[in-house]
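Contents: one structure, followed by commentary.
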Amino acid sequence: MKIAVIGAGYVGLVTGAGLASTGNKVTCVDIDEEKINLLADGQVPIHEPRLEQLVRYGLAKQNLSFSTDLGRAIRSSKIIFVTVGTPAQVDGRQDLSTVDTVCEQIAGAANGPKTLVMKSTVLPGTARKIGEKLQTSRHKIAYVSNPEFLKEGSAIDDFLKPDRVVIGSEDQDAIEEIETLYKPFLRREENILVMDSASAEMTKYAANAMLATRISFMNEMAAICEKVGADVEKVRRGIGTDRRIGNGHLFPGVGYGGSCFPKDVSAILYLAELLDCPAGVLRATQHTNDGQPNRFVERIKKHFGDKGGGSVLGVWGLAFKRDTDDIRESPAMKTVKLLTKNGFSIKAYDPEATENAERELDTMRVMLCRDPYGAVTDVEALVILTDWPEFSNPDFNRLSTLMQKRVIFDGRNLYEPKTMAQRGFLYCCIGRPTADPST
Ligand code: NAD
């Protein structure tokens, strides 16, 4: 099948390379010429495990190509995936301008019947509006809503072995066409869920809203644990083993971030309010999350007291989570900015996100380091903000020697408090009693 994928970002690249791996002829299109040139050369400009390998495989098999020529890609493809960004506006509303432009371009350039597959996350009701636009085309363009559920950091696995594929459309031929595309990735056919387009669109928002809510809920439980002397990690395991609850997305920390949860919660909240629907749970989820970096910074400030401003802190982690270089809405970045605003100077290290972070941080206050130990040299405390695997078992003796004071604020609960106290560290984490070697 000849396929065009419009928007070669996290979702578009994974979709394009994934579909090329099963023998389809895929052209990924982007407006960013520099990115397209790199990709055509087999270089992937984002960090996503195994993506470069899959892109190179597609290029070598001549099943995958890259272009900035949207019209040509549309004309030579039967199926067109739309994977451009749908960011939030300042008031939380979804910005659909890029999706709208691309859909108009598809309608204008179509030279025969096409199927437009919307993979970008768009609010319920968008299918109907875009459907109207597509009617202006001289050719029939069937519309399919096919929300993407991949997670950055494990996107290739999520695409090649999805839990489920949601196909929302009112066009039976298009449904069958897209089912055929996905069958190689699904062992069990019942995991292809066919529904109307509004339900498919809503499924994506309900999924992200539920996952974000679980994280905020656990952050609230963690705050109570801190006050009553309970250990939230024990509580997490205690509830996660209940099959009705399950283990996923129950990790307390400095909050959720990334390019999806914050903007998708904002967008569905905005829509709910517009439609006069109750949205108290979502509002609370967002409110708790927005305050999480600040709550953590307040604990750091309390430790330093009046002499805090001017202290130098080491920071491990800037990406919004492990295994990605993505810093969009990263709670780690928000925490670093809050710390500098409060007068702290920072030495920061992230295995992959440093280049992206450099563009956003005040480099007068934040020194970006090339290795984790450089970032802790002579600091008065280490602050851990992303759960990268390389932070889970560092050389604690080396840390002790390099750091001015043995103090760790862990926003990801990577270590056992008791062991940390035995190692001589004052260890302050989320939702667990602080471990103090002097007591
Ligand atoms: P992204 O910002 O990484 O990629 C978007 C790409 O589109 C960029 O490369 C940009 O240059 C390109 N682009 C912009 N305008 C264009 C145009 N007119 N023509 C062609 N290309 C254009 O975005 P992303 O993270 O891949 O997200 C894309 C969509 O998928 C969003 O709606 C997002 O909510 C959704 N989504 C993202 C994830 C994720 O984890 N990143 C997961 C599921 C769903």
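Lettering and numbering for the structure tokens are positional, with chains as A, B, ... in the shown order, residues counted from 1 in each chain, and ligands counted from 1 in the shown order.
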Residues of region 124-309 of chain A classed as strand (DSSP E) by DSSP on the backbone are to be reported as a ChimeraX atom specification. /A:141-145,165-168,192-195
Just to be explicit: take each residue in the selection above, keep N, CA and C atoms, and write the result as an mmCIF file, in the first residue's frame.
data_model
loop_
_atom_site.group_PDB
_atom_site.id
_atom_site.type_symbol
_atom_site.label_atom_id
_atom_site.label_comp_id
_atom_site.auth_asym_id
_atom_site.auth_seq_id
_atom_site.Cartn_x
_atom_site.Cartn_y
_atom_site.Cartn_z
ATOM 1 N N ILE A 141 -12.762 11.604 -0.327
ATOM 2 C CA ILE A 141 -11.729 11.379 0.699
ATOM 3 C C ILE A 141 -12.433 10.843 1.940
ATOM 4 N N ALA A 142 -12.188 9.550 2.219
ATOM 5 C CA ALA A 142 -12.799 8.939 3.411
ATOM 6 C C ALA A 142 -11.996 9.369 4.631
ATOM 7 N N TYR A 143 -12.678 9.538 5.760
ATOM 8 C CA TYR A 143 -12.004 10.009 6.974
ATOM 9 C C TYR A 143 -12.015 8.905 8.036
ATOM 10 N N VAL A 144 -10.853 8.676 8.624
ATOM 11 C CA VAL A 144 -10.740 7.687 9.703
ATOM 12 C C VAL A 144 -10.056 8.334 10.892
ATOM 13 N N SER A 145 -10.660 8.204 12.047
ATOM 14 C CA SER A 145 -10.016 8.679 13.265
ATOM 15 C C SER A 145 -9.269 7.496 13.884
ATOM 16 N N VAL A 165 -5.866 -1.226 18.752
ATOM 17 C CA VAL A 165 -5.891 -0.175 17.737
ATOM 18 C C VAL A 165 -7.334 0.305 17.645
ATOM 19 N N VAL A 166 -7.524 1.604 17.748
ATOM 20 C CA VAL A 166 -8.871 2.165 17.667
ATOM 21 C C VAL A 166 -9.082 2.754 16.273
ATOM 22 N N ILE A 167 -10.127 2.286 15.601
ATOM 23 C CA ILE A 167 -10.445 2.790 14.263
ATOM 24 C C ILE A 167 -11.851 3.374 14.309
ATOM 25 N N GLY A 168 -11.930 4.684 14.130
ATOM 26 C CA GLY A 168 -13.241 5.337 14.173
ATOM 27 C C GLY A 168 -13.590 5.901 12.812
ATOM 28 N N ILE A 192 -8.589 -4.988 17.632
ATOM 29 C CA ILE A 192 -8.907 -3.868 16.734
ATOM 30 C C ILE A 192 -10.313 -3.420 17.105
ATOM 31 N N LEU A 193 -10.418 -2.211 17.617
ATOM 32 C CA LEU A 193 -11.704 -1.720 18.097
ATOM 33 C C LEU A 193 -12.277 -0.733 17.089
ATOM 34 N N VAL A 194 -13.363 -1.147 16.445
ATOM 35 C CA VAL A 194 -13.992 -0.277 15.437
ATOM 36 C C VAL A 194 -15.163 0.461 16.078
ATOM 37 N N MET A 195 -15.238 1.746 15.828
ATOM 38 C CA MET A 195 -16.309 2.563 16.436
ATOM 39 C C MET A 195 -16.565 3.790 15.568
#
Counting only C-alpha atoms and all ligand atoms, which residues of chain A fall within 8 Å of ligand 1, and what is the closest atom pair for each with its distance in Å at one decimal, ordered by chain and rising number, as a tab-separated table?
residue	atom	partner	partner_atom_place_in_ligand_line	distance
A:Ile6	CA	ligand 1	20 (C)	5.0
A:Gly7	CA	ligand 1	7 (O)	3.4
A:Ala8	CA	ligand 1	9 (O)	4.5
A:Gly9	CA	ligand 1	4 (O)	3.2
A:Tyr10	CA	ligand 1	26 (O)	3.7
A:Val11	CA	ligand 1	26 (O)	3.8
A:Gly12	CA	ligand 1	26 (O)	5.6
A:Leu13	CA	ligand 1	26 (O)	7.6
A:Val29	CA	ligand 1	20 (C)	5.7
A:Asp30	CA	ligand 1	21 (N)	3.6
A:Ile31	CA	ligand 1	20 (C)	4.7
A:Asp32	CA	ligand 1	11 (O)	5.1
A:Lys35	CA	ligand 1	9 (O)	7.6
A:Thr68	CA	ligand 1	20 (C)	7.5
A:Leu70	CA	ligand 1	19 (N)	7.2
A:Thr83	CA	ligand 1	28 (C)	4.9
A:Val84	CA	ligand 1	7 (O)	3.9
A:Gly85	CA	ligand 1	31 (C)	4.1
A:Thr86	CA	ligand 1	32 (O)	4.3
A:Pro87	CA	ligand 1	32 (O)	7.1
A:Thr98	CA	ligand 1	18 (N)	5.6
A:Val99	CA	ligand 1	18 (N)	7.6
A:Thr101	CA	ligand 1	18 (N)	6.5
A:Val102	CA	ligand 1	18 (N)	5.6
A:Lys119	CA	ligand 1	30 (O)	6.1
A:Ser120	CA	ligand 1	32 (O)	3.5
A:Thr121	CA	ligand 1	32 (O)	3.9
A:Val122	CA	ligand 1	32 (O)	6.5
A:Pro147	CA	ligand 1	44 (C)	6.8
A:Glu148	CA	ligand 1	43 (C)	4.6
A:Phe149	CA	ligand 1	43 (C)	4.9
A:Leu150	CA	ligand 1	42 (C)	5.1
A:Lys151	CA	ligand 1	40 (O)	5.0
A:Glu152	CA	ligand 1	40 (O)	4.8
A:Ala155	CA	ligand 1	40 (O)	7.6
A:Gly258	CA	ligand 1	40 (O)	7.4
A:Ser259	CA	ligand 1	41 (N)	5.6
A:Cys260	CA	ligand 1	34 (O)	5.1
A:Lys263	CA	ligand 1	34 (O)	7.8
A:Asp264	CA	ligand 1	34 (O)	7.2
List as a ChimeraX atom specification the protein and nucleic acid residues near region 133-139 of chain A, meaning an atom at most 8 Å away when only C-alpha atoms are counted, but skip any in the same chain fewer than 5 places from it. /A:103-104,107-108,110-114
Could you save the residues just selected, with all heavy atoms, as an mmCIF file, in the first residue's frame?
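Final output, saved to again-v5.cif:
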data_model
loop_
_atom_site.group_PDB
_atom_site.id
_atom_site.type_symbol
_atom_site.label_atom_id
_atom_site.label_comp_id
_atom_site.auth_asym_id
_atom_site.auth_seq_id
_atom_site.Cartn_x
_atom_site.Cartn_y
_atom_site.Cartn_z
ATOM 1 N N CYS A 103 -5.251 19.339 6.170
ATOM 2 C CA CYS A 103 -6.449 18.700 5.603
ATOM 3 C C CYS A 103 -6.916 19.442 4.346
ATOM 4 O O CYS A 103 -7.327 18.824 3.362
ATOM 5 C CB CYS A 103 -7.570 18.617 6.638
ATOM 6 S SG CYS A 103 -7.172 17.424 7.933
ATOM 7 N N GLU A 104 -6.825 20.779 4.386
ATOM 8 C CA GLU A 104 -7.191 21.562 3.193
ATOM 9 C C GLU A 104 -6.242 21.219 2.035
ATOM 10 O O GLU A 104 -6.659 21.097 0.887
ATOM 11 C CB GLU A 104 -7.113 23.065 3.493
ATOM 12 C CG GLU A 104 -8.377 23.587 4.159
ATOM 13 C CD GLU A 104 -8.166 24.903 4.896
ATOM 14 O OE1 GLU A 104 -7.216 25.638 4.555
ATOM 15 O OE2 GLU A 104 -8.953 25.168 5.829
ATOM 16 N N ALA A 107 -7.239 17.926 0.596
ATOM 17 C CA ALA A 107 -8.448 18.065 -0.229
ATOM 18 C C ALA A 107 -8.103 18.690 -1.585
ATOM 19 O O ALA A 107 -8.601 18.255 -2.627
ATOM 20 C CB ALA A 107 -9.477 18.921 0.499
ATOM 21 N N GLY A 108 -7.189 19.674 -1.555
ATOM 22 C CA GLY A 108 -6.835 20.379 -2.788
ATOM 23 C C GLY A 108 -5.967 19.547 -3.721
ATOM 24 O O GLY A 108 -6.086 19.643 -4.940
ATOM 25 N N ALA A 110 -5.670 16.139 -3.856
ATOM 26 C CA ALA A 110 -6.094 14.767 -4.181
ATOM 27 C C ALA A 110 -6.346 14.626 -5.681
ATOM 28 O O ALA A 110 -6.995 15.471 -6.293
ATOM 29 C CB ALA A 110 -7.352 14.421 -3.391
ATOM 30 N N ASN A 111 -5.799 13.531 -6.256
ATOM 31 C CA ASN A 111 -5.977 13.284 -7.690
ATOM 32 C C ASN A 111 -6.770 11.992 -7.930
ATOM 33 O O ASN A 111 -6.733 11.411 -8.991
ATOM 34 C CB ASN A 111 -4.606 13.199 -8.358
ATOM 35 C CG ASN A 111 -3.734 12.148 -7.687
ATOM 36 O OD1 ASN A 111 -4.032 11.722 -6.562
ATOM 37 N ND2 ASN A 111 -2.686 11.729 -8.348
ATOM 38 N N GLY A 112 -7.447 11.514 -6.886
ATOM 39 C CA GLY A 112 -8.233 10.288 -6.955
ATOM 40 C C GLY A 112 -8.751 10.003 -5.557
ATOM 41 O O GLY A 112 -8.504 10.791 -4.635
ATOM 42 N N PRO A 113 -9.488 8.899 -5.361
ATOM 43 C CA PRO A 113 -10.001 8.606 -4.025
ATOM 44 C C PRO A 113 -8.879 8.361 -3.020
ATOM 45 O O PRO A 113 -7.876 7.721 -3.351
ATOM 46 C CB PRO A 113 -10.843 7.329 -4.222
ATOM 47 C CG PRO A 113 -10.544 6.846 -5.584
ATOM 48 C CD PRO A 113 -9.862 7.904 -6.364
ATOM 49 N N LYS A 114 -9.032 8.919 -1.839
ATOM 50 C CA LYS A 114 -8.000 8.793 -0.791
ATOM 51 C C LYS A 114 -8.673 8.456 0.533
ATOM 52 O O LYS A 114 -9.873 8.673 0.708
ATOM 53 C CB LYS A 114 -7.249 10.122 -0.590
ATOM 54 C CG LYS A 114 -6.713 10.768 -1.842
ATOM 55 C CD LYS A 114 -5.383 10.190 -2.272
ATOM 56 C CE LYS A 114 -4.950 10.742 -3.628
ATOM 57 N NZ LYS A 114 -3.829 10.055 -4.220
#
Just the alpha helix (DSSP H) stuff from region 225-369 of chain A, please, per backbone DSSP, written as JSON, numbers by chain. {"A": [225, 226, 227, 228, 232, 233, 234, 235, 236, 237, 238, 239, 240, 261, 262, 263, 264, 265, 266, 267, 268, 269, 270, 271, 272, 273, 274, 280, 281, 282, 283, 284, 285, 286, 287, 288, 289, 290, 291, 292, 293, 294, 295, 296, 297, 298, 299, 300, 301, 302, 303, 304, 331, 332, 333, 334, 335, 336, 337, 338, 339, 340, 341, 354, 355, 356, 357, 358]}
Near Val232 (chain A), within 7 Å and counting only C-alpha atoms, which residues show up once chain neighbours fewer than 4 positions away are dropped, as an mmCIF file with N, CA, C and O atoms, in the first residue's frame?
data_model
loop_
_atom_site.group_PDB
_atom_site.id
_atom_site.type_symbol
_atom_site.label_atom_id
_atom_site.label_comp_id
_atom_site.auth_asym_id
_atom_site.auth_seq_id
_atom_site.Cartn_x
_atom_site.Cartn_y
_atom_site.Cartn_z
ATOM 1 N N ALA A 222 0.582 10.809 48.319
ATOM 2 C CA ALA A 222 1.959 10.969 48.794
ATOM 3 C C ALA A 222 2.053 12.112 49.803
ATOM 4 O O ALA A 222 2.739 11.996 50.834
ATOM 5 N N CYS A 225 0.742 10.873 52.965
ATOM 6 C CA CYS A 225 1.714 9.930 53.547
ATOM 7 C C CYS A 225 2.808 10.688 54.300
ATOM 8 O O CYS A 225 3.215 10.292 55.397
ATOM 9 N N ARG A 236 1.594 2.232 47.284
ATOM 10 C CA ARG A 236 1.446 2.011 45.834
ATOM 11 C C ARG A 236 1.374 0.518 45.519
ATOM 12 O O ARG A 236 0.495 0.060 44.789
ATOM 13 N N GLY A 431 6.549 11.439 49.469
ATOM 14 C CA GLY A 431 5.578 10.571 50.135
ATOM 15 C C GLY A 431 6.173 9.525 51.051
ATOM 16 O O GLY A 431 5.542 8.511 51.341
ATOM 17 N N ARG A 432 7.421 9.742 51.492
ATOM 18 C CA ARG A 432 8.062 8.804 52.422
ATOM 19 C C ARG A 432 8.819 9.616 53.458
ATOM 20 O O ARG A 432 9.282 10.730 53.171
#
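Relative to CA of Val254 (chain A), CA of Leu318 (chain A) is found at 11.8 Å.
If you measure from each of A:Asp371, A:Gly280, A:Asp231, A:Cys429 to Glu390 (chain A) using only C-alpha atoms, the closest one turns out to be A:Asp371.
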For Arg322 (chain A), the nearest of the candidates A:Val90, A:Val235, A:Met403, A:Ile384, counting only C-alpha atoms: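 Checking each of A:Val90, A:Val235, A:Met403, A:Ile384 against Arg322 (chain A), counting only C-alpha atoms, the winner is A:Ile384.
Taking CA of Ala127 (chain A) and CA of Asp196 (chain A) as endpoints, the distance between them is 9.9 Å.
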Show which residues sit within 9 Å of Arg299 (chain A), as a ChimeraX atom specification. Count only C-alpha atoms, and ignore same-chain residues fewer than 4 positions away. /A:294-295,303-304,409,428
Using only all heavy atoms, please write the residues we just selected to a file, as a PDB file, in the first residue's frame.
ATOM      1  N   ASN A 294       6.221  23.063  42.491  1.00  0.00           N
ATOM      2  CA  ASN A 294       6.344  24.088  43.522  1.00  0.00           C
ATOM      3  C   ASN A 294       6.403  23.471  44.929  1.00  0.00           C
ATOM      4  O   ASN A 294       7.200  23.893  45.775  1.00  0.00           O
ATOM      5  CB  ASN A 294       5.163  25.059  43.416  1.00  0.00           C
ATOM      6  CG  ASN A 294       5.444  26.329  44.185  1.00  0.00           C
ATOM      7  OD1 ASN A 294       6.563  26.828  44.151  1.00  0.00           O
ATOM      8  ND2 ASN A 294       4.464  26.812  44.911  1.00  0.00           N
ATOM      9  N   ARG A 295       5.572  22.429  45.147  1.00  0.00           N
ATOM     10  CA  ARG A 295       5.604  21.768  46.468  1.00  0.00           C
ATOM     11  C   ARG A 295       6.990  21.189  46.737  1.00  0.00           C
ATOM     12  O   ARG A 295       7.504  21.255  47.852  1.00  0.00           O
ATOM     13  CB  ARG A 295       4.534  20.655  46.537  1.00  0.00           C
ATOM     14  CG  ARG A 295       3.159  21.178  46.942  1.00  0.00           C
ATOM     15  CD  ARG A 295       2.196  20.034  47.210  1.00  0.00           C
ATOM     16  NE  ARG A 295       1.742  19.445  45.962  1.00  0.00           N
ATOM     17  CZ  ARG A 295       0.789  19.963  45.201  1.00  0.00           C
ATOM     18  NH1 ARG A 295       0.175  21.074  45.562  1.00  0.00           N
ATOM     19  NH2 ARG A 295       0.427  19.375  44.092  1.00  0.00           N
ATOM     20  N   HIS A 303      14.666  23.339  53.609  1.00  0.00           N
ATOM     21  CA  HIS A 303      15.919  22.735  54.067  1.00  0.00           C
ATOM     22  C   HIS A 303      17.028  23.784  54.168  1.00  0.00           C
ATOM     23  O   HIS A 303      17.804  23.796  55.126  1.00  0.00           O
ATOM     24  CB  HIS A 303      16.342  21.618  53.110  1.00  0.00           C
ATOM     25  CG  HIS A 303      17.737  21.134  53.340  1.00  0.00           C
ATOM     26  ND1 HIS A 303      18.050  20.215  54.320  1.00  0.00           N
ATOM     27  CD2 HIS A 303      18.918  21.457  52.730  1.00  0.00           C
ATOM     28  CE1 HIS A 303      19.365  19.999  54.299  1.00  0.00           C
ATOM     29  NE2 HIS A 303      19.907  20.728  53.349  1.00  0.00           N
ATOM     30  N   PHE A 304      17.073  24.680  53.171  1.00  0.00           N
ATOM     31  CA  PHE A 304      18.161  25.659  53.158  1.00  0.00           C
ATOM     32  C   PHE A 304      17.878  26.893  54.009  1.00  0.00           C
ATOM     33  O   PHE A 304      18.805  27.612  54.375  1.00  0.00           O
ATOM     34  CB  PHE A 304      18.472  26.085  51.700  1.00  0.00           C
ATOM     35  CG  PHE A 304      19.271  25.048  50.960  1.00  0.00           C
ATOM     36  CD1 PHE A 304      18.649  24.107  50.167  1.00  0.00           C
ATOM     37  CD2 PHE A 304      20.652  24.998  51.087  1.00  0.00           C
ATOM     38  CE1 PHE A 304      19.383  23.137  49.502  1.00  0.00           C
ATOM     39  CE2 PHE A 304      21.399  24.033  50.422  1.00  0.00           C
ATOM     40  CZ  PHE A 304      20.754  23.096  49.626  1.00  0.00           C
ATOM     41  N   PHE A 409      17.612  15.348  47.248  1.00  0.00           N
ATOM     42  CA  PHE A 409      16.163  15.508  47.113  1.00  0.00           C
ATOM     43  C   PHE A 409      15.758  14.683  45.895  1.00  0.00           C
ATOM     44  O   PHE A 409      16.158  15.007  44.778  1.00  0.00           O
ATOM     45  CB  PHE A 409      15.785  16.975  46.904  1.00  0.00           C
ATOM     46  CG  PHE A 409      15.967  17.802  48.140  1.00  0.00           C
ATOM     47  CD1 PHE A 409      17.166  18.458  48.378  1.00  0.00           C
ATOM     48  CD2 PHE A 409      14.947  17.890  49.082  1.00  0.00           C
ATOM     49  CE1 PHE A 409      17.350  19.200  49.529  1.00  0.00           C
ATOM     50  CE2 PHE A 409      15.127  18.633  50.231  1.00  0.00           C
ATOM     51  CZ  PHE A 409      16.326  19.287  50.463  1.00  0.00           C
ATOM     52  N   CYS A 428      15.685  12.949  51.043  1.00  0.00           N
ATOM     53  CA  CYS A 428      14.339  13.494  51.115  1.00  0.00           C
ATOM     54  C   CYS A 428      13.610  13.148  49.821  1.00  0.00           C
ATOM     55  O   CYS A 428      14.053  13.538  48.741  1.00  0.00           O
ATOM     56  CB  CYS A 428      14.522  15.004  51.249  1.00  0.00           C
ATOM     57  SG  CYS A 428      13.061  15.885  51.511  1.00  0.00           S
TER      58      CYS A 428
END
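By only C-alpha atoms, and with residues fewer than 2 positions from region 18-21 of chain A along its chain excluded, the set lying at most 9 Å from it is Ile3, Leu13, Val14, Thr15, Gly16, Gly23, Asn24, Lys25, Val26, Leu54, Val55, Tyr57, Gly58, Leu59, Lys61, Gln62, Asn63, Leu64, Ile156, Phe159, Leu160, Leu181 and Tyr182 of chain A.
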With N, CA and C atoms kept, could you save the residues just selected as a compact mmCIF listing (two decimals), in the first residue's frame?
# COMPACT_ATOMS: atom_id res chain seq x y z
N ILE A 3 1.56 4.95 1.09
CA ILE A 3 1.12 5.73 2.24
C ILE A 3 1.94 7.02 2.35
N LEU A 13 7.17 9.72 12.70
CA LEU A 13 8.32 8.88 12.35
C LEU A 13 8.10 7.43 12.75
N VAL A 14 7.54 7.25 13.94
CA VAL A 14 7.29 5.88 14.42
C VAL A 14 6.24 5.22 13.52
N THR A 15 5.19 5.98 13.16
CA THR A 15 4.14 5.43 12.29
C THR A 15 4.72 5.09 10.92
N GLY A 16 5.49 6.03 10.36
CA GLY A 16 6.04 5.82 9.03
C GLY A 16 6.99 4.62 9.00
N GLY A 23 6.26 -3.71 4.77
CA GLY A 23 6.29 -3.77 3.30
C GLY A 23 5.53 -2.67 2.59
N ASN A 24 4.88 -1.78 3.34
CA ASN A 24 4.20 -0.66 2.67
C ASN A 24 5.25 0.32 2.12
N LYS A 25 4.86 1.09 1.12
CA LYS A 25 5.74 2.14 0.59
C LYS A 25 5.32 3.45 1.24
N VAL A 26 6.16 3.96 2.13
CA VAL A 26 5.76 5.11 2.95
C VAL A 26 6.64 6.33 2.63
N LEU A 54 14.99 1.27 12.91
CA LEU A 54 13.81 0.99 12.09
C LEU A 54 13.76 1.91 10.86
N VAL A 55 14.18 3.16 11.05
CA VAL A 55 14.21 4.10 9.92
C VAL A 55 15.25 3.61 8.89
N TYR A 57 16.31 0.61 8.42
CA TYR A 57 15.81 -0.63 7.80
C TYR A 57 14.86 -0.26 6.64
N GLY A 58 13.97 0.70 6.92
CA GLY A 58 13.02 1.13 5.89
C GLY A 58 13.72 1.74 4.69
N LEU A 59 14.75 2.56 4.97
CA LEU A 59 15.51 3.19 3.88
C LEU A 59 16.23 2.13 3.04
N LYS A 61 15.51 -1.00 2.64
CA LYS A 61 14.56 -1.81 1.85
C LYS A 61 13.85 -0.97 0.78
N GLN A 62 14.13 0.32 0.78
CA GLN A 62 13.48 1.28 -0.13
C GLN A 62 11.97 1.32 0.06
N ASN A 63 11.53 1.05 1.28
CA ASN A 63 10.11 1.17 1.60
C ASN A 63 9.79 2.50 2.27
N LEU A 64 10.85 3.22 2.68
CA LEU A 64 10.63 4.46 3.43
C LEU A 64 11.40 5.58 2.74
N ILE A 156 8.38 2.41 19.82
CA ILE A 156 8.47 1.39 18.76
C ILE A 156 7.70 0.13 19.18
N PHE A 159 4.03 0.70 19.05
CA PHE A 159 3.44 0.71 17.70
C PHE A 159 3.44 -0.70 17.10
N LEU A 160 4.54 -1.42 17.28
CA LEU A 160 4.63 -2.74 16.63
C LEU A 160 3.83 -3.80 17.38
N LEU A 181 -4.12 -2.77 7.25
CA LEU A 181 -2.79 -2.21 7.53
C LEU A 181 -2.27 -2.65 8.89
N TYR A 182 -3.18 -2.70 9.87
CA TYR A 182 -2.76 -2.97 11.25
C TYR A 182 -2.68 -4.46 11.60
Non-local contacts of Tyr270 (chain A) (7 Å; only C-alpha atoms; under 4 positions in same chain excluded) as a list in words: Gly92, Arg93, Ser266 and Leu274 of chain A
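One finds CA of Asp158 (chain A) at 21.5 Å from CA of Gln43 (chain A).
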